[in-house]
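Participant: Dropping a structure here in C-alpha cells format, bear with me for questions.
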Amino acid sequence: MLKLGTSQTADRLRRSKLRVPVFKWRHRGLTPADVMLASYPRSGNTWSKFMLAELLTGSEVDFSSNEDLVPMVGCHLGVPRLLPDAGRLIKTHEPYNRSYGRAIYLVRDVRDVALSFRKLRAVEGFDHESFEAFLIKFVRGEVGGYGSWQAHVMSWLTAAQRDSGVLVIHYEELIDDTVTKLGEMARFLRVSDDEARLRAIVENNRPDKMRNRKTEYSDERMSVTVGEGAYNRWRAHYSEAELALIEPAMETMRLAGYIV
C-alpha cells in the first residue's frame with residue numbers, strides 16, 4: 001500500500017501535478033458503509049483515532065496497530081471492517097470530496113493549528129524560516145498540500161450544512177468534555193455509548209499514557225505528535241504582526257462557531 005504520511009516526499013507529491021491521479025487511486029474502494037475521520041492536520045485526529053479504535057475493538061492500541069485499525073485513506077484496502085454494516089473507519093486530511101459518505105470532521109482554532117503544524121514540520125525537517133514566513137504560506141494554502149485551512153474547513157462545513165451525514169466536532173469541546181463528545185461520535189458510528197466504557201477509554205488515552213506506547217517515533221517527534229491536550233496555546237506565542245498575518249482565516253473561524 002502507498003503510505004504518504006507527512007514526509008517531505010509526500011509533501012512534494014501532494015503539491016505536484018501527480019496529485020489528482022494519486023488522489024483518485026488512494027480513494028478507490030470506498031463504500032457507503034465507511035466513515036471518514038477527517039480534519040486539517042494538527043486538529044486532534046490522532047487522539048480521536050486512538051479513542052475510537054479502542055471503542056471499536058475493546059482493546060488498547062499502540063501506534064502500529066492503530067494504523068491497521070483506522071488507516072489513512074489509500075491504506076484502507078484489507079483492513080478490519082469494524083463498523084456496523086461492515087464499514088471501516090478511515091482517516092483523511094483531504095478537503096471534502098463527493099467520494100466520501102458519512103464523516104466525522106474535527107475542527108480546531110486556526111491559530112493553534114498553525115502553531116502545532118509549524119512545530120511538527122520543524123521536527124520533520126521542513127520550514128526553517130521564521131514563523132511569520134510560515135504563516136504567510138499557511139494562509140495561502142502553500143503548506144502540506146491540503147490547501148488553506150479556511151478553504152478546507154469551509155468545504156466540510158458546507159457539506160455538513162447540506163448533509164446530516166457529516167458530524168462536526170470542535171477540538172476545544174473535545175478537550176473540555178471528552179466523554180460527552182466521544183459519546184456523540186459513538187452514536188454517530190452506531191456503536192455503544194456506555195458511559196462507564198467511554199470514561200475508561202478517555203482515561204486510557206491521556207497524553208502521558210499515549211506517549212508511553214510502542215512506536216518508532218523519536219522523543220521529539222512524539223512530543224509533537226501527542227500534544228498536551230490543551231488549547232489557546234497561541235496566546236503565549238503570537239505577536240501582533242503574526243496575528244495580523246492570520247487574519248484572513250478569521251471569517252472562517254466565525255462561520256465555524258468560534259468567537260473571535
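As shown in the C-alpha cells, the chain order sets the letters A, B, ...; within each chain, residues go from 1, and ligands are also counted from 1 in the order they appear.
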Quick one: pick out all strand (DSSP E) residues within segment 36-199 of chain A from a backbone DSSP run and write them as a ChimeraX atom specification.
Facilitator: /A:36-39,89-92,102-107,166-170
Participant: Just C-alpha atoms for this one: save the residues we selected as a compact mmCIF listing (two decimals), in the first residue's frame.
Facilitator:
```txt
# COMPACT_ATOMS: atom_id res chain seq x y z
CA MET A 36 -14.21 9.09 7.34
CA LEU A 37 -12.42 10.60 10.32
CA ALA A 38 -11.45 13.90 8.74
CA SER A 39 -9.56 17.02 9.76
CA LEU A 89 -13.28 3.98 9.92
CA ILE A 90 -10.76 5.74 7.66
CA LYS A 91 -8.63 8.79 8.37
CA THR A 92 -8.23 11.63 5.90
CA ARG A 102 -20.57 9.70 6.28
CA ALA A 103 -17.82 11.51 8.16
CA ILE A 104 -16.70 12.94 11.48
CA TYR A 105 -14.95 16.26 10.92
CA LEU A 106 -12.65 17.69 13.60
CA VAL A 107 -12.09 21.44 13.53
CA VAL A 166 -21.28 14.85 8.50
CA LEU A 167 -20.73 15.31 12.24
CA VAL A 168 -18.64 18.36 13.17
CA ILE A 169 -16.66 18.14 16.42
CA HIS A 170 -14.75 21.13 17.80
```
Participant: What are the closest atom pairs, with distances in Å to one decimal, for all residues of segment 103-195 of chain A lying within 12 Å of segment 18-33 of chain A? Consider only C-alpha atoms, order rows by chain and residue number, and present the result as JSON lines.
Facilitator:
```
{"residue": "A:Ala103", "atom": "CA", "partner": "A:Ala33", "partner_atom": "CA", "distance": 10.6}
{"residue": "A:Gly145", "atom": "CA", "partner": "A:Arg19", "partner_atom": "CA", "distance": 8.9}
{"residue": "A:Tyr146", "atom": "CA", "partner": "A:Arg19", "partner_atom": "CA", "distance": 10.4}
{"residue": "A:Gly165", "atom": "CA", "partner": "A:Pro32", "partner_atom": "CA", "distance": 10.8}
{"residue": "A:Leu189", "atom": "CA", "partner": "A:Ala33", "partner_atom": "CA", "distance": 10.0}
{"residue": "A:Arg190", "atom": "CA", "partner": "A:Ala33", "partner_atom": "CA", "distance": 11.2}
```
Participant: May I have a table of the residues of segment 50-168 of chain A lying at most 10 Å from segment 193-202 of chain A, giving each one's closest pair of atoms and their distance in Å to one decimal, counting only C-alpha atoms, ordered by chain and ascending residue number, as JSON lines?
Facilitator:
```
{"residue": "A:Phe50", "atom": "CA", "partner": "A:Ile201", "partner_atom": "CA", "distance": 9.0}
{"residue": "A:Met51", "atom": "CA", "partner": "A:Ile201", "partner_atom": "CA", "distance": 6.1}
{"residue": "A:Leu52", "atom": "CA", "partner": "A:Ile201", "partner_atom": "CA", "distance": 8.7}
{"residue": "A:Ala53", "atom": "CA", "partner": "A:Ile201", "partner_atom": "CA", "distance": 9.8}
{"residue": "A:Glu54", "atom": "CA", "partner": "A:Ile201", "partner_atom": "CA", "distance": 6.9}
{"residue": "A:Leu55", "atom": "CA", "partner": "A:Ile201", "partner_atom": "CA", "distance": 7.1}
{"residue": "A:Gly58", "atom": "CA", "partner": "A:Ile201", "partner_atom": "CA", "distance": 9.1}
{"residue": "A:Ser59", "atom": "CA", "partner": "A:Ile201", "partner_atom": "CA", "distance": 9.3}
{"residue": "A:Glu60", "atom": "CA", "partner": "A:Ile201", "partner_atom": "CA", "distance": 8.4}
```
Participant: When you draw a straight line from atom CA of Gly44 of chain A to atom CA of Pro84 of chain A, how long is it in Å?
Facilitator: 24.0 Å
Participant: Using only C-alpha atoms, which residues sit within 8 Å of segment 120-123 of chain A once same-chain residues fewer than 5 positions away are excluded, as number ranges by chain?
Facilitator: A: 128, 220-221, 224-225
Participant: Would you mind telling me which residue in A:Glu124, A:Glu172, A:Asp109, A:Glu142 lies nearest to Ser218 of chain A when using only C-alpha atoms?
Facilitator: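 Smallest distance to Ser218 of chain A is found for A:Glu124.
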Participant: List as a list in words the protein and nucleic acid residues near Asp208 of chain A, meaning an atom at most 9 Å away when only C-alpha atoms are counted, but skip any in the same chain fewer than 3 places from it.
Facilitator: Asn205, Arg211, Asn212, Val226 and Glu228 of chain A
Participant: Once you have the residues from the selection above, write them out as a PDB file, in the first residue's frame, restricted to C-alpha atoms.
Facilitator:
```pdb
ATOM      1  CA  ASN A 205      -5.809   7.658  26.222  1.00  0.00           C
ATOM      2  CA  ARG A 211       3.420   8.703  24.738  1.00  0.00           C
ATOM      3  CA  ASN A 212       4.490   5.523  26.528  1.00  0.00           C
ATOM      4  CA  VAL A 226       0.852  13.673  21.012  1.00  0.00           C
ATOM      5  CA  GLU A 228      -0.650  18.270  25.867  1.00  0.00           C
TER       6      GLU A 228
END
```
Participant: Go through segment 12-137 of chain A and collect every residue that DSSP, computed from the backbone, puts in alpha helix (DSSP H); the answer should be as an MDAnalysis selection string.
Facilitator: chainID A and resid 12:14 19:26 45:57 63:69 110:123 131:137
Participant: Convert the current residue selection to file output with N, CA and C atoms, as a short mmCIF file (atom, residue, chain, number, x, y, z; two decimals), in the first residue's frame.
Facilitator:
```cif
data_model
loop_
_atom_site.label_atom_id
_atom_site.label_comp_id
_atom_site.auth_asym_id
_atom_site.auth_seq_id
_atom_site.Cartn_x
_atom_site.Cartn_y
_atom_site.Cartn_z
N ARG A 12 5.80 16.96 -1.22
CA ARG A 12 6.06 17.37 -2.61
C ARG A 12 5.05 16.73 -3.56
N LEU A 13 4.72 15.46 -3.31
CA LEU A 13 3.77 14.77 -4.19
C LEU A 13 2.40 15.41 -4.13
N ARG A 14 1.95 15.78 -2.94
CA ARG A 14 0.62 16.39 -2.81
C ARG A 14 0.54 17.74 -3.51
N ARG A 19 -0.89 14.94 -8.14
CA ARG A 19 -1.83 14.89 -7.01
C ARG A 19 -3.18 14.30 -7.40
N VAL A 20 -3.76 14.73 -8.52
CA VAL A 20 -5.10 14.28 -8.90
C VAL A 20 -5.15 12.78 -9.15
N PRO A 21 -4.26 12.21 -10.00
CA PRO A 21 -4.33 10.75 -10.19
C PRO A 21 -4.02 9.97 -8.93
N VAL A 22 -3.09 10.46 -8.11
CA VAL A 22 -2.78 9.77 -6.86
C VAL A 22 -3.98 9.83 -5.92
N PHE A 23 -4.66 10.99 -5.87
CA PHE A 23 -5.86 11.13 -5.05
C PHE A 23 -6.91 10.09 -5.46
N LYS A 24 -7.16 9.98 -6.74
CA LYS A 24 -8.16 9.03 -7.22
C LYS A 24 -7.77 7.60 -6.88
N TRP A 25 -6.49 7.30 -7.04
CA TRP A 25 -6.01 5.94 -6.73
C TRP A 25 -6.17 5.63 -5.25
N ARG A 26 -5.84 6.60 -4.39
CA ARG A 26 -5.92 6.37 -2.95
C ARG A 26 -7.36 6.26 -2.46
N ASN A 45 -6.85 14.59 15.26
CA ASN A 45 -7.20 13.35 14.59
C ASN A 45 -6.52 12.14 15.23
N THR A 46 -5.24 12.25 15.57
CA THR A 46 -4.52 11.12 16.14
C THR A 46 -5.13 10.69 17.47
N TRP A 47 -5.39 11.63 18.34
CA TRP A 47 -6.00 11.34 19.64
C TRP A 47 -7.37 10.68 19.45
N SER A 48 -8.17 11.24 18.56
CA SER A 48 -9.50 10.68 18.31
C SER A 48 -9.40 9.26 17.75
N LYS A 49 -8.42 9.04 16.86
CA LYS A 49 -8.21 7.70 16.29
C LYS A 49 -7.97 6.67 17.38
N PHE A 50 -7.14 7.00 18.34
CA PHE A 50 -6.83 6.06 19.41
C PHE A 50 -8.08 5.74 20.23
N MET A 51 -8.82 6.76 20.59
CA MET A 51 -10.02 6.52 21.39
C MET A 51 -11.05 5.71 20.61
N LEU A 52 -11.26 6.04 19.35
CA LEU A 52 -12.26 5.33 18.55
C LEU A 52 -11.82 3.90 18.24
N ALA A 53 -10.54 3.69 18.02
CA ALA A 53 -10.05 2.33 17.78
C ALA A 53 -10.29 1.46 19.00
N GLU A 54 -10.05 2.00 20.19
CA GLU A 54 -10.31 1.24 21.42
C GLU A 54 -11.81 1.02 21.60
N LEU A 55 -12.61 2.02 21.25
CA LEU A 55 -14.06 1.88 21.34
C LEU A 55 -14.55 0.74 20.44
N LEU A 56 -13.99 0.65 19.24
CA LEU A 56 -14.46 -0.32 18.26
C LEU A 56 -13.93 -1.73 18.49
N THR A 57 -12.78 -1.85 19.16
CA THR A 57 -12.17 -3.17 19.35
C THR A 57 -12.25 -3.68 20.78
N PHE A 63 0.75 2.51 18.37
CA PHE A 63 0.80 3.30 17.14
C PHE A 63 0.80 2.41 15.90
N SER A 64 1.36 1.22 16.00
CA SER A 64 1.39 0.33 14.84
C SER A 64 0.01 -0.27 14.57
N SER A 65 -0.61 -0.84 15.58
CA SER A 65 -1.92 -1.46 15.38
C SER A 65 -2.98 -0.41 15.07
N ASN A 66 -2.80 0.80 15.57
CA ASN A 66 -3.76 1.86 15.29
C ASN A 66 -3.82 2.17 13.80
N GLU A 67 -2.66 2.14 13.13
CA GLU A 67 -2.62 2.40 11.70
C GLU A 67 -3.34 1.30 10.92
N ASP A 68 -3.36 0.10 11.46
CA ASP A 68 -4.04 -1.00 10.78
C ASP A 68 -5.54 -0.99 11.03
N LEU A 69 -5.96 -0.43 12.15
CA LEU A 69 -7.38 -0.43 12.51
C LEU A 69 -8.11 0.78 11.95
N VAL A 110 -7.70 27.94 14.25
CA VAL A 110 -6.64 28.01 13.25
C VAL A 110 -5.32 28.50 13.83
N ARG A 111 -5.38 29.33 14.85
CA ARG A 111 -4.14 29.86 15.43
C ARG A 111 -3.35 28.77 16.14
N ASP A 112 -4.06 27.84 16.81
CA ASP A 112 -3.39 26.69 17.41
C ASP A 112 -2.97 25.69 16.35
N VAL A 113 -3.78 25.53 15.30
CA VAL A 113 -3.41 24.62 14.21
C VAL A 113 -2.09 25.04 13.58
N ALA A 114 -1.99 26.32 13.23
CA ALA A 114 -0.78 26.81 12.58
C ALA A 114 0.45 26.63 13.47
N LEU A 115 0.29 26.92 14.75
CA LEU A 115 1.41 26.79 15.68
C LEU A 115 1.86 25.33 15.79
N SER A 116 0.90 24.42 15.92
CA SER A 116 1.23 23.00 16.04
C SER A 116 1.80 22.44 14.74
N PHE A 117 1.24 22.87 13.62
CA PHE A 117 1.71 22.41 12.31
C PHE A 117 3.16 22.86 12.09
N ARG A 118 3.47 24.07 12.47
CA ARG A 118 4.82 24.60 12.34
C ARG A 118 5.82 23.76 13.15
N LYS A 119 5.41 23.39 14.37
CA LYS A 119 6.29 22.59 15.23
C LYS A 119 6.54 21.20 14.62
N LEU A 120 5.48 20.58 14.11
CA LEU A 120 5.63 19.26 13.51
C LEU A 120 6.53 19.30 12.30
N ARG A 121 6.32 20.28 11.44
CA ARG A 121 7.12 20.35 10.22
C ARG A 121 8.58 20.69 10.53
N ALA A 122 8.82 21.40 11.60
CA ALA A 122 10.20 21.67 12.00
C ALA A 122 10.89 20.36 12.42
N VAL A 123 10.17 19.51 13.16
CA VAL A 123 10.71 18.22 13.56
C VAL A 123 10.99 17.35 12.35
N PHE A 131 8.52 32.19 11.84
CA PHE A 131 7.11 31.86 11.97
C PHE A 131 6.26 32.78 11.10
N GLU A 132 6.66 34.03 10.97
CA GLU A 132 5.91 34.95 10.10
C GLU A 132 5.93 34.46 8.65
N ALA A 133 7.07 34.01 8.17
CA ALA A 133 7.15 33.50 6.80
C ALA A 133 6.31 32.24 6.64
N PHE A 134 6.31 31.40 7.67
CA PHE A 134 5.47 30.20 7.64
C PHE A 134 3.99 30.58 7.56
N LEU A 135 3.57 31.55 8.37
CA LEU A 135 2.16 31.94 8.39
C LEU A 135 1.70 32.47 7.04
N ILE A 136 2.55 33.20 6.35
CA ILE A 136 2.19 33.71 5.02
C ILE A 136 1.87 32.55 4.09
N LYS A 137 2.72 31.53 4.10
CA LYS A 137 2.48 30.35 3.25
C LYS A 137 1.27 29.56 3.73
#
```
Participant: Could you please determine the separation between atom CA of Tyr40 of chain A and atom CA of Asn204 of chain A in Å, to one decimal place?
Facilitator: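 According to the coordinates, atom CA of Tyr40 of chain A and atom CA of Asn204 of chain A are separated by 24.9 Å.
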